[in-house]
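Chemist: One file: start_15.cif (mmCIF, C-alpha atoms).
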data_protein
#
loop_
_atom_site.label_atom_id
_atom_site.label_comp_id
_atom_site.auth_asym_id
_atom_site.auth_seq_id
_atom_site.Cartn_x
_atom_site.Cartn_y
_atom_site.Cartn_z
CA PRO A 1 150.23 248.77 254.14
CA GLY A 2 149.69 252.08 252.46
CA GLY A 3 150.16 254.26 255.56
CA ALA A 4 152.20 256.53 253.36
CA GLU A 5 153.64 259.97 253.96
CA GLU A 6 153.84 262.69 251.33
CA ALA A 7 157.36 263.99 250.77
CA PRO A 8 157.15 267.82 250.77
CA PRO A 9 154.47 269.85 252.61
CA ALA A 10 151.18 270.16 250.74
CA ALA A 11 151.31 273.95 250.74
CA ALA A 12 154.75 274.02 249.14
CA ALA A 13 153.59 271.64 246.44
CA ALA A 14 150.64 273.87 245.61
CA ALA A 15 152.70 277.08 245.54
CA SER A 16 154.80 276.04 242.54
CA PRO A 17 152.77 275.17 239.42
CA ALA A 18 155.87 273.62 237.84
CA ALA A 19 156.52 271.29 240.77
CA GLN A 20 155.32 267.72 240.46
CA GLU A 21 152.79 266.39 242.91
CA PRO A 22 154.57 264.55 245.77
CA MET A 23 154.47 260.78 245.76
CA GLU A 24 153.56 258.66 248.75
CA VAL A 25 156.22 256.11 249.65
CA ASP A 26 156.40 253.04 251.88
CA PRO A 27 158.52 252.95 255.05
CA PRO A 28 161.79 250.93 254.96
CA THR A 29 161.49 247.20 255.67
CA PRO A 30 163.69 245.64 258.40
CA LYS A 31 166.55 243.48 257.07
CA GLY A 32 166.67 239.72 257.65
CA PRO A 33 165.24 236.48 256.23
CA LEU A 34 161.91 237.07 254.54
CA SER A 35 158.82 234.91 254.55
CA ASP A 36 156.81 234.49 251.35
CA GLU A 37 154.42 237.19 252.53
CA GLU A 38 157.28 239.53 253.38
CA GLN A 39 158.91 238.87 250.02
CA LYS A 40 155.66 239.72 248.29
CA ALA A 41 155.51 242.94 250.28
CA GLU A 42 159.08 243.74 249.22
CA ASP A 43 158.22 243.09 245.57
CA VAL A 44 155.20 245.38 245.85
CA LYS A 45 157.34 248.03 247.49
CA ALA A 46 159.94 247.76 244.72
CA MET A 47 157.22 248.08 242.09
CA ARG A 48 155.90 251.18 243.83
CA GLU A 49 159.36 252.74 243.98
CA GLN A 50 159.80 251.95 240.30
CA GLY A 51 156.54 253.77 239.61
CA ASN A 52 157.78 256.79 241.59
CA ALA A 53 161.02 256.75 239.57
CA HIS A 54 159.04 256.74 236.31
CA TYR A 55 156.92 259.60 237.63
CA LYS A 56 159.95 261.72 238.48
CA ALA A 57 161.34 260.99 235.00
CA LYS A 58 157.99 262.09 233.51
CA GLU A 59 157.47 258.60 232.13
CA PHE A 60 153.84 258.73 233.04
CA GLU A 61 152.44 255.71 231.21
CA GLN A 62 155.09 253.48 232.81
CA ALA A 63 154.32 254.99 236.21
CA LEU A 64 150.63 254.22 235.81
CA THR A 65 151.41 250.61 234.89
CA CYS A 66 153.52 250.21 238.02
CA TYR A 67 150.90 251.74 240.28
CA ASP A 68 148.17 249.55 238.79
CA SER A 69 150.36 246.50 239.47
CA VAL A 70 150.88 247.56 243.09
CA PHE A 71 147.16 247.93 243.75
CA GLU A 72 146.35 244.70 241.94
CA GLN A 73 148.81 242.78 244.11
CA ASP A 74 147.87 244.51 247.36
CA PRO A 75 144.42 246.20 247.37
CA GLU A 76 145.16 247.65 250.81
CA GLN A 77 147.75 249.93 249.21
CA VAL A 78 145.06 252.53 248.53
CA SER A 79 147.53 255.39 248.81
CA VAL A 80 149.07 254.30 245.52
CA LEU A 81 145.84 255.43 243.86
CA ASN A 82 146.62 258.92 245.12
CA ASN A 83 149.93 258.61 243.28
CA LYS A 84 148.00 257.65 240.14
CA ALA A 85 145.92 260.80 240.50
CA ALA A 86 149.11 262.86 240.67
CA VAL A 87 150.23 261.28 237.39
CA TYR A 88 146.95 262.19 235.71
CA MET A 89 147.35 265.74 236.98
CA GLU A 90 150.78 265.95 235.35
CA MET A 91 149.20 264.63 232.15
CA LYS A 92 146.46 267.28 232.51
CA GLU A 93 143.88 264.51 232.54
CA TRP A 94 141.77 266.27 235.15
CA LYS A 95 138.66 264.08 234.91
CA GLN A 96 140.78 260.94 235.19
CA ALA A 97 142.53 262.39 238.21
CA GLU A 98 139.23 263.22 239.90
CA ASP A 99 137.68 259.83 239.16
CA THR A 100 140.81 258.10 240.49
CA ILE A 101 140.71 260.07 243.74
CA LYS A 102 136.99 259.39 244.18
CA GLY A 103 137.59 255.66 243.76
CA ALA A 104 140.59 255.80 246.07
CA ILE A 105 138.55 257.40 248.85
CA GLU A 106 135.81 254.79 248.49
CA ALA A 107 138.42 252.02 248.66
CA ALA A 108 140.10 253.59 251.69
CA GLN A 109 136.80 254.05 253.53
CA ALA A 110 136.14 250.32 253.17
CA LEU A 111 139.38 249.40 254.98
CA ARG A 112 139.55 248.58 258.67
CA PRO A 113 140.98 250.32 260.53
CA THR A 114 140.01 253.34 258.46
CA PRO A 115 143.15 255.17 257.25
CA PHE A 116 141.94 258.69 258.03
CA GLU A 117 145.30 260.32 257.32
CA THR A 118 145.49 258.71 253.90
CA ILE A 119 141.91 259.75 253.09
CA ALA A 120 142.79 263.31 254.12
CA LYS A 121 145.70 263.32 251.66
CA MET A 122 143.34 262.15 248.94
CA TYR A 123 140.97 265.03 249.63
CA VAL A 124 143.92 267.43 249.52
CA ARG A 125 144.87 266.11 246.08
CA TRP A 126 141.26 266.42 244.98
CA GLY A 127 141.37 270.03 246.06
CA LYS A 128 144.57 270.57 244.12
CA VAL A 129 142.85 269.31 240.98
CA TYR A 130 140.46 272.27 241.23
CA ALA A 131 143.11 274.73 242.41
CA HIS A 132 145.43 274.03 239.48
CA LYS A 133 145.71 277.00 237.13
CA LYS A 134 146.00 274.77 234.07
CA ASN A 135 142.70 273.04 234.79
CA PRO A 136 139.96 274.58 232.58
CA GLU A 137 137.49 273.70 235.34
CA MET A 138 139.58 275.50 237.97
CA ASN A 139 137.34 276.40 240.91
CA LEU A 140 138.93 277.64 244.11
CA ALA A 141 135.67 277.39 246.06
CA THR A 142 135.51 273.67 245.26
CA ALA A 143 139.19 273.29 246.14
CA ILE A 144 138.55 274.85 249.55
CA GLU A 145 135.64 272.46 250.14
CA TYR A 146 137.92 269.47 249.60
CA TYR A 147 140.63 270.93 251.84
CA GLU A 148 138.00 271.35 254.55
CA LYS A 149 136.97 267.70 254.12
CA ALA A 150 140.62 266.74 254.47
CA GLN A 151 140.86 268.60 257.76
CA MET A 152 137.77 266.80 259.03
CA GLU A 153 139.48 263.48 258.34
CA TYR A 154 142.92 264.39 259.69
CA ASN A 155 143.81 267.93 260.72
CA THR A 156 147.28 269.27 259.84
CA LYS A 157 148.94 272.68 259.96
CA GLU A 158 150.14 272.26 256.37
CA VAL A 159 146.61 271.93 255.02
CA ASP A 160 145.43 274.76 257.25
CA ARG A 161 148.05 277.02 255.61
CA LEU A 162 147.03 275.72 252.20
CA MET A 163 143.40 276.60 252.91
CA LYS A 164 144.29 280.12 254.03
CA THR A 165 146.41 280.72 250.93
CA THR A 166 143.66 279.39 248.66
CA LYS A 167 141.04 281.57 250.35
CA LEU A 168 143.22 284.63 249.75
CA ASP A 169 143.67 283.62 246.11
CA LYS A 170 139.90 283.21 245.77
CA LYS A 171 139.26 286.62 247.32
CA LYS A 172 141.64 288.23 244.81
CA ALA A 173 140.11 286.31 241.91
CA ASP A 174 136.56 287.24 242.94
CA LYS A 175 137.53 290.88 243.22
CA LEU A 176 139.13 290.83 239.77
CA ALA A 177 136.15 289.03 238.25
CA TYR A 178 133.82 291.72 239.64
CA VAL A 179 135.60 294.51 237.76
CA ASN A 180 133.44 295.90 234.95
CA PRO A 181 133.80 299.64 234.14
CA GLU A 182 130.49 299.75 232.25
CA LEU A 183 128.59 298.43 235.25
CA GLY A 184 130.64 300.79 237.40
CA LEU A 185 129.33 303.74 235.42
CA GLU A 186 125.77 302.50 235.90
CA ALA A 187 126.33 302.21 239.65
CA LYS A 188 127.76 305.72 239.75
CA GLU A 189 124.68 307.10 237.97
CA ARG A 190 122.41 305.33 240.46
CA GLY A 191 124.51 306.85 243.22
CA ASN A 192 124.10 310.30 241.72
CA GLU A 193 120.32 309.87 241.58
CA ALA A 194 120.25 308.81 245.20
CA PHE A 195 122.51 311.73 246.16
CA ARG A 196 120.20 314.23 244.50
CA ALA A 197 117.29 312.63 246.34
CA GLN A 198 119.28 312.98 249.59
CA ASP A 199 119.13 309.22 250.06
CA TRP A 200 122.63 309.07 251.52
CA PRO A 201 122.79 305.35 252.45
CA THR A 202 121.80 304.32 248.92
CA ALA A 203 124.22 306.81 247.40
CA ILE A 204 127.05 305.43 249.53
CA LYS A 205 126.15 301.83 248.60
CA GLU A 206 126.08 302.62 244.87
CA TYR A 207 129.33 304.59 244.93
CA GLU A 208 131.03 301.76 246.81
CA ASP A 209 129.79 299.34 244.16
CA ALA A 210 131.04 301.65 241.41
CA ILE A 211 134.51 301.61 243.03
CA LYS A 212 134.51 297.81 243.13
CA ARG A 213 133.48 297.69 239.50
CA ASP A 214 136.10 300.25 238.42
CA PRO A 215 138.80 300.45 241.11
CA LYS A 216 141.03 302.80 239.12
CA ASN A 217 138.41 305.54 238.73
CA ALA A 218 139.36 308.36 241.10
CA ALA A 219 136.07 310.24 240.60
CA TYR A 220 134.04 307.46 242.21
CA ASN A 221 136.08 307.76 245.41
CA ASN A 222 135.48 311.50 245.41
CA ASN A 223 131.74 310.92 245.00
CA LEU A 224 131.84 308.50 247.91
CA ALA A 225 133.60 311.11 250.03
CA ALA A 226 130.84 313.63 249.28
CA ALA A 227 128.15 311.16 250.35
CA LEU A 228 130.01 310.19 253.51
CA CYS A 229 130.28 313.85 254.48
CA LYS A 230 126.49 314.05 254.42
CA ILE A 231 126.26 311.49 257.22
CA MET A 232 129.11 313.19 259.11
CA ASP A 233 131.53 310.29 258.52
CA PHE A 234 134.50 312.59 258.02
CA GLN A 235 137.04 309.89 258.72
CA GLY A 236 135.62 307.67 255.98
CA ALA A 237 135.30 310.65 253.64
CA SER A 238 138.93 311.60 254.23
CA ALA A 239 140.03 308.04 253.45
CA ALA A 240 138.01 308.10 250.21
CA CYS A 241 139.70 311.38 249.20
CA GLU A 242 143.12 309.94 249.92
CA LYS A 243 142.28 306.93 247.75
CA ALA A 244 141.18 309.23 244.93
CA LEU A 245 144.46 311.16 245.20
CA ASP A 246 146.46 307.94 245.26
CA LEU A 247 144.91 307.18 241.89
CA ASP A 248 145.28 310.73 240.56
CA PRO A 249 147.52 313.07 242.63
CA LYS A 250 146.47 316.08 240.51
CA TYR A 251 142.73 315.52 240.87
CA VAL A 252 141.84 318.99 242.15
CA LYS A 253 138.22 318.17 242.95
CA ALA A 254 139.43 315.56 245.44
CA ILE A 255 142.01 318.00 246.82
CA ALA A 256 139.29 320.62 247.38
CA ARG A 257 137.06 318.00 249.03
CA LYS A 258 139.94 316.95 251.28
CA GLY A 259 140.38 320.60 252.29
CA ASP A 260 136.66 320.91 253.01
CA ILE A 261 136.78 317.85 255.26
CA GLU A 262 139.78 319.24 257.14
CA PHE A 263 137.93 322.53 257.55
CA LEU A 264 134.87 320.75 258.96
CA ARG A 265 137.13 318.88 261.39
CA LYS A 266 138.62 322.25 262.39
CA GLU A 267 142.04 321.20 261.10
CA TYR A 268 142.52 324.67 259.67
CA HIS A 269 146.26 324.62 259.08
CA LYS A 270 145.96 321.34 257.19
CA ALA A 271 143.09 322.78 255.17
CA LEU A 272 145.21 325.82 254.23
CA GLU A 273 147.97 323.58 252.91
CA THR A 274 145.49 321.43 251.01
CA TYR A 275 143.72 324.34 249.31
CA GLN A 276 147.06 325.94 248.42
CA LYS A 277 148.22 322.66 246.91
CA GLY A 278 145.08 322.58 244.75
CA LEU A 279 145.70 326.14 243.57
CA THR A 280 149.26 325.34 242.51
CA ILE A 281 147.79 322.76 240.15
CA GLU A 282 144.73 324.76 239.06
CA PRO A 283 145.13 328.47 240.01
CA ASP A 284 141.57 329.46 239.12
CA ASN A 285 139.81 326.60 240.91
CA LYS A 286 136.81 328.21 242.66
CA ALA A 287 136.39 325.52 245.34
CA CYS A 288 140.00 325.88 246.45
CA LYS A 289 139.86 329.69 246.33
CA ASP A 290 136.68 329.83 248.40
CA GLY A 291 138.03 327.23 250.80
CA LEU A 292 141.27 329.12 251.25
CA GLN A 293 139.46 332.38 251.99
CA LYS A 294 137.09 330.93 254.60
CA THR A 295 139.95 329.05 256.24
CA MET A 296 142.14 332.15 256.45
CA ARG A 297 139.29 333.96 258.24
CA MET A 298 139.24 331.17 260.84
CA VAL A 299 142.97 331.30 261.58
CA ARG A 300 143.24 335.10 261.93
#
Would you mind writing the structure in this file as structure tokens?

Modeler:
Amino acid sequence: PGGAEEAPPAAAAAASPAAQEPMEVDPPTPKGPLSDEEQKAEDVKAMREQGNAHYKAKEFEQALTCYDSVFEQDPEQVSVLNNKAAVYMEMKEWKQAEDTIKGAIEAAQALRPTPFETIAKMYVRWGKVYAHKKNPEMNLATAIEYYEKAQMEYNTKEVDRLMKTTKLDKKKADKLAYVNPELGLEAKERGNEAFRAQDWPTAIKEYEDAIKRDPKNAAYNNNLAAALCKIMDFQGASAACEKALDLDPKYVKAIARKGDIEFLRKEYHKALETYQKGLTIEPDNKACKDGLQKTMRMVR
């Protein structure tokens, strides 16, 4: 009993915040005369299905009553406790959901043979508790830990996809949480100090941190390009200029720096175009004027 299968894939359930958590259901029972034990099993199955119906109708208290009755009548139906946890999640009772899953895992681990697949599903639901956006204690790192535990119990492709998606979400969230323009300015100033001291590695590190802290600041990318040029990383410097110009297409300092890099790479015709572009935006820009003149001497 309780070797239940979840209806939709775990990843699909996690992708839609509005979607209810999938219920675990019992397999169909063969038709024919039933013994007392079989009749009891049928009654338990009917009670479980009734609980699922209440869940789908958002009649959560009634669903909990049904699930409690199922487990009371058949303690081997540990998967029904996972259903209870799903109800608590819908009710936004996150602590209750977590405590229910913890108890369910302990009960499942005591069974013989050990229902590893069922335990894995419980760990997945535990992960979903911490991955849920409406949970004030949302913690994607903790969610990933529980998904990993699930895979150790019973490995599935669905949970593998769920883990990958959650890791990407965590990476985005961490990046967003790191943004702080004030700290970005401090990092830029440290980078400037290192640049003046000709400590290029430190300057590069600080400018990169400034960019992470304030990703929309084009000047920090231009500063990074200048530092990268000092260590002859012209490819990296060019990429930093392009990023600066993506943020601000009329940022003439970055245009002039881009021209300088092209000149150093002996891409003279590209440099001519770049300097000319800068002068159309800012006709008196000295860096572009000087760059254009030295480049024209090289192509004559």

Chemist: Every residue with an atom at most 10 Å from (136.6, 308.2, 240.7) (file coordinates; only C-alpha atoms) is what I'm after, so could you write them as a CSV table (one decimal) with C-alpha atoms, in the frame of the given file?

Modeler:
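Output file point09.csv is given in full below:
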chain,number,residue,atom,x,y,z
A,188,LYS,CA,127.8,305.7,239.8
A,207,TYR,CA,129.3,304.6,244.9
A,210,ALA,CA,131.0,301.6,241.4
A,211,ILE,CA,134.5,301.6,243.0
A,214,ASP,CA,136.1,300.2,238.4
A,215,PRO,CA,138.8,300.4,241.1
A,216,LYS,CA,141.0,302.8,239.1
A,217,ASN,CA,138.4,305.5,238.7
A,218,ALA,CA,139.4,308.4,241.1
A,219,ALA,CA,136.1,310.2,240.6
A,220,TYR,CA,134.0,307.5,242.2
A,221,ASN,CA,136.1,307.8,245.4
A,222,ASN,CA,135.5,311.5,245.4
A,223,ASN,CA,131.7,310.9,245.0
A,224,LEU,CA,131.8,308.5,247.9
A,240,ALA,CA,138.0,308.1,250.2
A,241,CYS,CA,139.7,311.4,249.2
A,243,LYS,CA,142.3,306.9,247.8
A,244,ALA,CA,141.2,309.2,244.9
A,245,LEU,CA,144.5,311.2,245.2
A,247,LEU,CA,144.9,307.2,241.9
A,248,ASP,CA,145.3,310.7,240.6
A,251,TYR,CA,142.7,315.5,240.9
A,254,ALA,CA,139.4,315.6,245.4

Chemist: Please report the interatomic distance between CA of Asp260 (chain A) and CA of Glu273 (chain A) in Å with one decimal.

Modeler: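 Rounded to one decimal, the two atoms are 11.6 Å apart.
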
Chemist: Taking all atoms listed in the file into account, which of A:Pro33, A:Asn155, A:Phe60, A:Gln73 comes nearest Met47 (chain A)?

Modeler: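 When distances to Met47 (chain A) are compared using all atoms listed in the file, the smallest one comes from A:Gln73.
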
Chemist: Given the file above and the PyMOL selection byres ((chain A and resi 121-138) around 9), which residues are selected, and can you give them as a ChimeraX atom specification?

Modeler: /A:5-6,10,14,17,21,79,81-82,85-86,89,92-94,97-98,101-102,104-105,116-120,139-151,153-154,159,166

Chemist: Since I can't run it myself right now, could you work out what the PyMOL selection byres ((chain A and resi 265) around 12) selects here and report it as a PDB file with C-alpha atoms, keeping the file's coordinate frame?

Modeler:
ATOM      1  CA  CYS A 229     130.280 313.850 254.480  1.00  0.00           C
ATOM      2  CA  MET A 232     129.110 313.190 259.110  1.00  0.00           C
ATOM      3  CA  ASP A 233     131.530 310.290 258.520  1.00  0.00           C
ATOM      4  CA  PHE A 234     134.500 312.590 258.020  1.00  0.00           C
ATOM      5  CA  GLN A 235     137.040 309.890 258.720  1.00  0.00           C
ATOM      6  CA  ALA A 237     135.300 310.650 253.640  1.00  0.00           C
ATOM      7  CA  SER A 238     138.930 311.600 254.230  1.00  0.00           C
ATOM      8  CA  LYS A 258     139.940 316.950 251.280  1.00  0.00           C
ATOM      9  CA  GLY A 259     140.380 320.600 252.290  1.00  0.00           C
ATOM     10  CA  ASP A 260     136.660 320.910 253.010  1.00  0.00           C
ATOM     11  CA  ILE A 261     136.780 317.850 255.260  1.00  0.00           C
ATOM     12  CA  GLU A 262     139.780 319.240 257.140  1.00  0.00           C
ATOM     13  CA  PHE A 263     137.930 322.530 257.550  1.00  0.00           C
ATOM     14  CA  LEU A 264     134.870 320.750 258.960  1.00  0.00           C
ATOM     15  CA  LYS A 266     138.620 322.250 262.390  1.00  0.00           C
ATOM     16  CA  GLU A 267     142.040 321.200 261.100  1.00  0.00           C
ATOM     17  CA  TYR A 268     142.520 324.670 259.670  1.00  0.00           C
ATOM     18  CA  HIS A 269     146.260 324.620 259.080  1.00  0.00           C
ATOM     19  CA  LYS A 270     145.960 321.340 257.190  1.00  0.00           C
ATOM     20  CA  ALA A 271     143.090 322.780 255.170  1.00  0.00           C
ATOM     21  CA  THR A 295     139.950 329.050 256.240  1.00  0.00           C
TER      22      THR A 295
END

Chemist: Quick one, how far is CA of Ala203 (chain A) from CA of Ile255 (chain A)?

Modeler: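 Spanning CA of Ala203 (chain A) to CA of Ile255 (chain A) is a straight-line distance of 21.0 Å.
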
Chemist: Name the residues that the PyMOL selection byres ((chain A and resi 277-292) around 7) picks from the file above, as a PyMOL selection string, using the file's chain letters and numbers.

Modeler: chain A and resi 250+252+255-256+260+272-276+293-296

Chemist: What's around Lys56 (chain A) at 10 Å? Count all atoms listed in the file, leave out sequence neighbours fewer than 2 positions away in its own chain, and write the answer as an mmCIF file with C-alpha atoms, in the coordinates of the input.

Modeler:
data_model
loop_
_atom_site.group_PDB
_atom_site.id
_atom_site.type_symbol
_atom_site.label_atom_id
_atom_site.label_comp_id
_atom_site.auth_asym_id
_atom_site.auth_seq_id
_atom_site.Cartn_x
_atom_site.Cartn_y
_atom_site.Cartn_z
ATOM 1 C CA GLN A 20 155.320 267.720 240.460
ATOM 2 C CA GLU A 21 152.790 266.390 242.910
ATOM 3 C CA PRO A 22 154.570 264.550 245.770
ATOM 4 C CA MET A 23 154.470 260.780 245.760
ATOM 5 C CA GLN A 50 159.800 251.950 240.300
ATOM 6 C CA GLY A 51 156.540 253.770 239.610
ATOM 7 C CA ASN A 52 157.780 256.790 241.590
ATOM 8 C CA ALA A 53 161.020 256.750 239.570
ATOM 9 C CA HIS A 54 159.040 256.740 236.310
ATOM 10 C CA LYS A 58 157.990 262.090 233.510
ATOM 11 C CA GLU A 59 157.470 258.600 232.130
ATOM 12 C CA PHE A 60 153.840 258.730 233.040
ATOM 13 C CA ALA A 63 154.320 254.990 236.210
ATOM 14 C CA VAL A 87 150.230 261.280 237.390
#

Chemist: Which residues come within 9 Å of region 193-195 of chain A, counting all atoms listed in the file, excluding same-chain residues fewer than 5 positions away, as a list in words?

Modeler: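 What passes the distance filter is Lys188, Trp200, Pro201, Thr202, Ala203, Ile204, Glu206 and Ala227 of chain A.
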
Chemist: Tell me, in Å to one decimal, how far CA of Leu228 (chain A) is from CA of Asp209 (chain A).

Modeler: 14.3 Å

Chemist: Which residues are close to Val78 (chain A), i.e. within 7 Å by only C-alpha atoms, leaving aside same-chain residues fewer than 4 positions away? Reply as a ChimeraX atom specification.

Modeler: /A:2,71,104,107-108

Chemist: Lys175 (chain A): which residues within 10 Å, counting all atoms listed in the file, same-chain residues fewer than 6 positions away excluded, as number ranges by chain?

Modeler: A: 169, 212-213, 215
